[in-house]
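Student: Before anything else, here's the structure in question.
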Amino acid sequence: MKDNNKFRLDMWGIITLCVILVYVLFLIYPMAHLMRQSVYDAETGRFTLENFAKFFSKSYYFDTLLNSFKVSIAATVLSISIGTPLAYLFSIFKIRGKAVLNILIVVASMSAPFIGAYSWILLLGRSGVITGFFRMLGVTLPDIYGFGGIVLVMSLQLFPLVFLYARGALKNIDNSLLEAAQNLGCSGLRCFFKVVVPLILPTLLAASLLVFMRSFADFGTPMLIGEGYRTFPVVLYTEFINEVGGNDGFAAAIAIIAIVITTVVFLVQKYISNKKAFALNALHPIEEKAPKGAVKVLAYLFSYLVVAIAILPQVYVTYTSFKKTSGKIFVSGYSLKSYASAFGKLGKSIQNTIIIPLLALIAIVVLAVFIAYLAVRRKNTLTGVVDVLSMIPYIVPGTVLGIALLTGFNQKPLLLSGTMLIMVIALVIRRLPYTIRSSVAILQQIPMSIEEAAVSLGASKFKVFSRVTVPMMAAGIVSGAILSWVTMISELSTAIILYTGRTKTLTVAVYTEVVRGNYGVAAALSTILTVLTVLSLLAFTKINGGKEFSL
Amino acid sequence: MTNIRIQNAVKKYGETTVIPGLSAEIKSGELFTLLGPSGCGKTTLLRMIAGFNSIEAGDIYFNDNRINEMDPSRRNIGMVFQNYAIFPNMTVSGNVAFGLKNRKMGKEEIAKLTEQYLGLMQISQFAQRMPSQLSGGQQQRVALARALVISPDVLLMDEPLSNLDAKLRLEMRGVIRHTQKNVGITTVYVTHDQEEAMAISDTIAVMKDGVIQHVGTPKDIYQRPKNVFVATFIGRTNIVPAKVEAGALVFEGGYTVPLACLAGADGQQVQCSVRPEEFVIRKEGEGIRGTVKEYTYLGLNTHYNVQTAGGQLVEIVEESSLDEELKPGQEVLLGVKKHKINVFDQEGGRNLVRSEAYEGQ
């Protein structure tokens, strides 16, 4: 089609150029700046690989890379092996309270990761409640700090993602496939491993990538619970914070290494899933049956236990937020003092948590709709460039993007560091690819002929877009926007780099309060955050007409 | 009233030529059908007229206006899509009024015209419904009302009936035909269903590989197809080899049929297209020798499969009679209805029966 293949300087041509400009300014430029910093000596201005050599030659640094890999792989494997069976149980069995369990799983997945870490410290840490209980019984529990703790927190945080992905994929499996398998003598566990898992393998691979990337880039969890076990984002953060104002070259080099690694992982996953891809479409989705006997006991036990453990940190944090405190220590009795000081000292951060993501959300929705339209309806070389550019943030860890933006924009004429704007920009860049993907999916469902009908009835390009295309996309855009909103209000790894006293968000506030040991205030703040999240998810369900939440 | 002239229109996708230079003239007020197997370029051509596909060379005119470069929104075309393309976010009357609003008409006039065309398509009672609450046939009527209400110069329809069930298809076929004649609008209609094309069209253009093979009335195309492709694509037929000797067709086994139009074609090998109803089964006399292999009694007609002495399997349809049917194994002689059959040259590209004089008729 002519309109789509050639670049023309019409409304869409201008939008294409504007979008590219935005990406060049706020993504390419800071990343390039970062890359330049990593290979130039700040004092002599000469090219040097010293920073990279320093990283790889000292096991103090290099080991963090290995640690990150160990943690991420373990968390991915564990998430898959919890999330997949749970999704399968939910798909084939009628389980009482399933709707509630579903919501709890979503809530667990949507909370900020480090809140889980901090709560598990309260439960299983040195002076944790459960630890104390067992100590009374004379049993010493294994240490929660370090590798085990990080993996535990990450897996519990991320298995819901696998669950939601797998649940979506299972909905596309036709019941007749399972019946055929049974008919051919394959049932139960064998059917699960031989038929179901291979069918949803492409989805599981996509989920694995997501889990791996998140755990690889997660900064808050290892920072709080890792103690001596240092991972890559931790060393990146500490090196950067230590050297602000001095030589940023080494932090930049670490950032570049991180990007290279995530890129490789991303490409490998893409290669594998392209080879394994096939289309599924269910006319008759799998029917839920009532489980019987031992299977029933096991199914209920597994479902409820997993969900209970996943939601436990949230519940406990909420509980402690109402406990009486004396200074920094919890004492017996209950009060709202934590909330009072949370609102008193940190009310501004609650405000910021609304305003910054809201501004970002508006920009994201507008940009995502435009970019999706370009990518689907106006394919040409330039929109291809936009497509590739918009994918980059997938593979750039949040901490890295934060550092890139901060170092790229802390001098005139591009002085943005310390402003609210830079926090908004960071959120937009990070969250945009997800919203673009979902908008593209929505747009692909809308047949081209509807827009052609509008054109043949004499509507202008702008009118077709505003009166026909956007209204048809609206429902999908709104639910995508709510998801973006929820992830943005709990964002930490970029905000921790970019915030100042004036632009502190709730997550940053919780983090700093935890670090200072103000557990009461931290608990109150994270409860507020949880309430915000739950309210948003309720709005999502409402808008989606009560349909079950899925990714 | 608008006529459409297409002159040497070329469509290319990259290096692939889909339509290699096509010319046609569509008369004012007629229903002109593009008919052909899938992939023949009929929808491509329709979308070139609509402006959704570019034209790589050649010209398309509406009356005397060249429309090659004109934006689709300015061509004043009504279009009905295969999937109807009803705006799901607007009511039925919102859909119908959409084109009028783009034409900056007054509110009252829009309301009046919308009402009029909803009435014409007999969907006034659904005016305030959303499209998702309509059946396929009702959606089709909305699509038609929406396309016609803007008084387009040309109406384009892209397989509009293919998503309907068989019964609705017959009904909507009548509705389309009736409405088109009522409004008197020049219409280009695309289909791959030959029966639908026969039933609905004033003129049919049979297409293959981006080339128009034959343009004519349904009767012309069925009775005197221009080449073997058209003969086999429209209706059923048997292609039987023969030879021309002394102005007569000579089939295998020596059966001879004199045909006036074959004078001057002596010595040529030819292909005869004999439709199933153009055979006559005889027990004795002249004809191609054959053996009955199978028969199917269908009430009105009886179908026979007969294997000729040369080994070719041919299909024959006869009106059922009260006598006993011919049983498999029965030896028969096959005569042909000489005024009805068509004779093509060896390559199948030219109909020897269609004389110059015939073309002039």
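Here, A, B, ... name the chains of the structure tokens in the order displayed, residue numbers run from 1 inside each chain, and ligands are numbered from 1 in the same displayed order.
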Considering only C-alpha atoms, extract the chain B residues located within 10 Å of chain A and return them as a PyMOL selection string.

Tutor: chain B and resi 13+47-48+50-55+71-90+95-103+143+146-150+152

Student: Report, in Å to a single decimal, how far apart CA of Ile200 (chain B) and CA of Gly184 (chain B) are.

Tutor: 14.0 Å

Student: What lies within 8 Å of Ala481 (chain A) using only C-alpha atoms, ignoring chain neighbours under 3 positions off, as number ranges by chain?

Tutor: A: 361, 365, 435, 477-478, 484-485

Student: Might you pull out every residue within 12 Å of Ala441 (chain A), with only C-alpha atoms counted and same-chain residues fewer than 4 positions away left off, and present them as a list in words?

Tutor: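 Contacts, in chain order: Ala368, Val369, Ala372, Tyr373, Ala375, Val376, Tyr434, Thr435, Ile436, Arg437, Gln445, Ile446, Met473, Gly476, Ile477, Gly480 and Leu551 of chain A.
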
Student: Using only C-alpha atoms, which residues sit within 12 Å of region 14-25 of chain A once same-chain residues fewer than 5 positions away are excluded, as a PyMOL selection string?

Tutor: chain A and resi 7-9+30-33+363-364+366-375+378-393+404-405+408-409+414+425-426+428-430+432-433+462

Student: Among region 10-54 of chain B, which ones does DSSP assign to helix (DSSP H, G or I) (computed from the backbone)? Answer as an MDAnalysis selection string.

Tutor: chainID B and resid 42:50

Student: Please produce an output containing C-alpha atoms for each residue in the selection, written as a compact mmCIF listing (two decimals), in the first residue's frame.

Tutor:
```txt
# COMPACT_ATOMS: atom_id res chain seq x y z
CA LYS B 42 -9.64 -8.42 -8.86
CA THR B 43 -9.55 -6.93 -5.37
CA THR B 44 -6.26 -5.21 -6.22
CA LEU B 45 -7.94 -3.52 -9.18
CA LEU B 46 -10.92 -2.50 -7.05
CA ARG B 47 -8.61 -0.95 -4.46
CA MET B 48 -6.81 0.92 -7.24
CA ILE B 49 -10.12 2.46 -8.23
CA ALA B 50 -10.85 3.24 -4.58
```

Student: I'd like the contact shell of region 177-182 of chain B - 9 Å cut-off, only C-alpha atoms, skipping same-chain residues fewer than 6 positions apart - returned as JSON, numbers by chain.

Tutor: {"B": [29, 30, 31, 120, 121, 155, 199, 200, 201]}

Student: Give me the residues near Val306 (chain A) as a PyMOL selection string, where near means some atom within 12 Å (using only C-alpha atoms) and where sequence neighbours in that chain fewer than 2 positions away do not count.

Tutor: chain A and resi 79+81-83+85-87+101-102+104-105+108+155-157+159-160+163+298-304+308-312

Student: May I have the selected residues written with N, CA and C atoms, as a PDB file, in the first residue's frame?

Tutor:
```pdb
ATOM      1  N   SER A  79      10.768 -19.307  39.838  1.00  0.00           N
ATOM      2  CA  SER A  79       9.513 -18.641  39.447  1.00  0.00           C
ATOM      3  C   SER A  79       8.739 -19.498  38.459  1.00  0.00           C
ATOM      4  N   SER A  81       8.991 -22.697  38.076  1.00  0.00           N
ATOM      5  CA  SER A  81       8.486 -23.950  38.632  1.00  0.00           C
ATOM      6  C   SER A  81       7.401 -23.747  39.684  1.00  0.00           C
ATOM      7  N   ILE A  82       7.211 -22.523  40.152  1.00  0.00           N
ATOM      8  CA  ILE A  82       6.031 -22.254  40.993  1.00  0.00           C
ATOM      9  C   ILE A  82       4.878 -21.771  40.125  1.00  0.00           C
ATOM     10  N   GLY A  83       5.171 -20.839  39.245  1.00  0.00           N
ATOM     11  CA  GLY A  83       4.109 -20.162  38.489  1.00  0.00           C
ATOM     12  C   GLY A  83       3.387 -21.072  37.508  1.00  0.00           C
ATOM     13  N   PRO A  85       2.940 -24.577  37.367  1.00  0.00           N
ATOM     14  CA  PRO A  85       1.962 -25.540  37.908  1.00  0.00           C
ATOM     15  C   PRO A  85       0.744 -24.845  38.503  1.00  0.00           C
ATOM     16  N   LEU A  86       0.973 -23.690  39.143  1.00  0.00           N
ATOM     17  CA  LEU A  86      -0.148 -22.982  39.745  1.00  0.00           C
ATOM     18  C   LEU A  86      -1.141 -22.557  38.663  1.00  0.00           C
ATOM     19  N   ALA A  87      -0.615 -22.024  37.559  1.00  0.00           N
ATOM     20  CA  ALA A  87      -1.489 -21.606  36.460  1.00  0.00           C
ATOM     21  C   ALA A  87      -2.250 -22.805  35.907  1.00  0.00           C
ATOM     22  N   LEU A 101      -7.894 -15.523  45.226  1.00  0.00           N
ATOM     23  CA  LEU A 101      -6.484 -15.904  45.093  1.00  0.00           C
ATOM     24  C   LEU A 101      -5.851 -15.173  43.908  1.00  0.00           C
ATOM     25  N   ASN A 102      -6.606 -15.100  42.822  1.00  0.00           N
ATOM     26  CA  ASN A 102      -6.114 -14.418  41.629  1.00  0.00           C
ATOM     27  C   ASN A 102      -5.734 -12.972  41.928  1.00  0.00           C
ATOM     28  N   LEU A 104      -5.048 -11.660  44.829  1.00  0.00           N
ATOM     29  CA  LEU A 104      -3.914 -11.614  45.743  1.00  0.00           C
ATOM     30  C   LEU A 104      -2.601 -11.811  44.992  1.00  0.00           C
ATOM     31  N   ILE A 105      -2.605 -12.722  44.033  1.00  0.00           N
ATOM     32  CA  ILE A 105      -1.388 -12.967  43.258  1.00  0.00           C
ATOM     33  C   ILE A 105      -0.986 -11.711  42.502  1.00  0.00           C
ATOM     34  N   ALA A 108       0.432  -9.212  44.876  1.00  0.00           N
ATOM     35  CA  ALA A 108       1.791  -9.589  45.252  1.00  0.00           C
ATOM     36  C   ALA A 108       2.783  -9.196  44.169  1.00  0.00           C
ATOM     37  N   SER A 155      11.877 -14.685  43.764  1.00  0.00           N
ATOM     38  CA  SER A 155      10.983 -15.704  43.214  1.00  0.00           C
ATOM     39  C   SER A 155       9.549 -15.426  43.630  1.00  0.00           C
ATOM     40  N   LEU A 156       9.358 -15.101  44.912  1.00  0.00           N
ATOM     41  CA  LEU A 156       7.999 -14.838  45.382  1.00  0.00           C
ATOM     42  C   LEU A 156       7.430 -13.593  44.717  1.00  0.00           C
ATOM     43  N   GLN A 157       8.313 -12.664  44.437  1.00  0.00           N
ATOM     44  CA  GLN A 157       7.884 -11.442  43.777  1.00  0.00           C
ATOM     45  C   GLN A 157       7.555 -11.699  42.301  1.00  0.00           C
ATOM     46  N   PHE A 159       7.171 -14.890  40.535  1.00  0.00           N
ATOM     47  CA  PHE A 159       6.409 -16.018  40.013  1.00  0.00           C
ATOM     48  C   PHE A 159       5.013 -15.600  39.539  1.00  0.00           C
ATOM     49  N   PRO A 160       4.390 -14.533  40.151  1.00  0.00           N
ATOM     50  CA  PRO A 160       3.086 -14.124  39.624  1.00  0.00           C
ATOM     51  C   PRO A 160       3.133 -13.737  38.148  1.00  0.00           C
ATOM     52  N   PHE A 163       2.934 -16.853  36.342  1.00  0.00           N
ATOM     53  CA  PHE A 163       1.565 -17.329  36.516  1.00  0.00           C
ATOM     54  C   PHE A 163       0.617 -16.636  35.533  1.00  0.00           C
ATOM     55  N   LEU A 298      -4.084 -31.967  47.509  1.00  0.00           N
ATOM     56  CA  LEU A 298      -2.809 -31.414  47.047  1.00  0.00           C
ATOM     57  C   LEU A 298      -3.017 -30.101  46.294  1.00  0.00           C
ATOM     58  N   ALA A 299      -4.030 -30.053  45.436  1.00  0.00           N
ATOM     59  CA  ALA A 299      -4.289 -28.853  44.637  1.00  0.00           C
ATOM     60  C   ALA A 299      -4.595 -27.673  45.544  1.00  0.00           C
ATOM     61  N   TYR A 300      -5.476 -27.898  46.538  1.00  0.00           N
ATOM     62  CA  TYR A 300      -5.823 -26.816  47.450  1.00  0.00           C
ATOM     63  C   TYR A 300      -4.624 -26.391  48.283  1.00  0.00           C
ATOM     64  N   LEU A 301      -3.892 -27.398  48.775  1.00  0.00           N
ATOM     65  CA  LEU A 301      -2.747 -27.116  49.624  1.00  0.00           C
ATOM     66  C   LEU A 301      -1.727 -26.258  48.878  1.00  0.00           C
ATOM     67  N   PHE A 302      -1.414 -26.680  47.673  1.00  0.00           N
ATOM     68  CA  PHE A 302      -0.406 -25.971  46.875  1.00  0.00           C
ATOM     69  C   PHE A 302      -0.865 -24.547  46.586  1.00  0.00           C
ATOM     70  N   SER A 303      -2.101 -24.407  46.069  1.00  0.00           N
ATOM     71  CA  SER A 303      -2.584 -23.081  45.677  1.00  0.00           C
ATOM     72  C   SER A 303      -2.581 -22.127  46.856  1.00  0.00           C
ATOM     73  N   TYR A 304      -3.209 -22.571  47.953  1.00  0.00           N
ATOM     74  CA  TYR A 304      -3.351 -21.663  49.085  1.00  0.00           C
ATOM     75  C   TYR A 304      -2.016 -21.359  49.747  1.00  0.00           C
ATOM     76  N   ALA A 308      -0.445 -17.728  50.010  1.00  0.00           N
ATOM     77  CA  ALA A 308      -0.271 -17.211  51.364  1.00  0.00           C
ATOM     78  C   ALA A 308       1.157 -16.718  51.573  1.00  0.00           C
ATOM     79  N   ILE A 309       2.126 -17.516  51.134  1.00  0.00           N
ATOM     80  CA  ILE A 309       3.522 -17.103  51.304  1.00  0.00           C
ATOM     81  C   ILE A 309       3.804 -15.842  50.498  1.00  0.00           C
ATOM     82  N   ALA A 310       3.215 -15.778  49.293  1.00  0.00           N
ATOM     83  CA  ALA A 310       3.486 -14.629  48.430  1.00  0.00           C
ATOM     84  C   ALA A 310       2.929 -13.341  49.027  1.00  0.00           C
ATOM     85  N   ILE A 311       1.780 -13.452  49.672  1.00  0.00           N
ATOM     86  CA  ILE A 311       1.116 -12.240  50.154  1.00  0.00           C
ATOM     87  C   ILE A 311       1.539 -11.902  51.577  1.00  0.00           C
ATOM     88  N   LEU A 312       2.194 -12.859  52.245  1.00  0.00           N
ATOM     89  CA  LEU A 312       2.577 -12.677  53.648  1.00  0.00           C
ATOM     90  C   LEU A 312       3.339 -11.375  53.924  1.00  0.00           C
TER      91      LEU A 312
END
```

Student: Go through A:Ala251, A:Leu529, A:Val331, A:Leu483 one by one, measure the shortest atom-to-atom distance of each to Ile354 (chain A) using only C-alpha atoms, and give the residue with the smallest value.

Tutor: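 Among A:Ala251, A:Leu529, A:Val331, A:Leu483, it is A:Leu529 that comes nearest to Ile354 (chain A).
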
Student: What is the CA of Ser38 (chain A) to CA of Phe216 (chain A) distance in Å?

Tutor: 21.0 Å

Student: Give the strand (DSSP E or B) residues of region 70-235 of chain B, as DSSP finds them on the backbone, and put them as a PyMOL selection string.

Tutor: chain B and resi 77-80+154-158+186-191+203-208+211-216

Student: Selected residues, C-alpha atoms, written as a compact mmCIF listing (two decimals), in the first residue's frame, please.

Tutor:
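Just written: result-v3.txt:
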```
# COMPACT_ATOMS: atom_id res chain seq x y z
CA ILE B 77 -16.75 6.74 -3.70
CA GLY B 78 -19.07 4.53 -1.72
CA MET B 79 -17.37 1.36 -0.63
CA VAL B 80 -18.70 -1.83 0.92
CA VAL B 154 -19.27 5.16 -7.95
CA LEU B 155 -20.10 2.25 -5.65
CA LEU B 156 -17.39 -0.35 -5.01
CA MET B 157 -18.17 -3.69 -3.41
CA ASP B 158 -15.48 -6.13 -2.33
CA THR B 186 -22.25 2.84 -11.46
CA THR B 187 -21.07 -0.15 -9.46
CA VAL B 188 -17.94 -2.30 -9.51
CA TYR B 189 -18.49 -5.60 -7.74
CA VAL B 190 -15.81 -8.13 -6.88
CA THR B 191 -16.57 -11.80 -6.31
CA THR B 203 -21.43 -7.02 -17.33
CA ILE B 204 -18.85 -9.49 -16.10
CA ALA B 205 -15.09 -9.26 -16.56
CA VAL B 206 -13.43 -12.62 -16.03
CA MET B 207 -9.89 -12.13 -14.72
CA LYS B 208 -6.89 -14.40 -14.47
CA VAL B 211 -5.47 -9.92 -17.14
CA ILE B 212 -9.10 -9.57 -18.19
CA GLN B 213 -9.91 -12.68 -20.22
CA HIS B 214 -13.40 -11.81 -21.33
CA VAL B 215 -15.81 -8.92 -20.82
CA GLY B 216 -19.44 -9.54 -21.64
```

Student: For CA of Gly267 (chain B) and CA of Gly247 (chain B), determine how far apart the two atoms are, in Å to one decimal place.

Tutor: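 According to the coordinates, CA of Gly267 (chain B) and CA of Gly247 (chain B) are separated by 9.3 Å.
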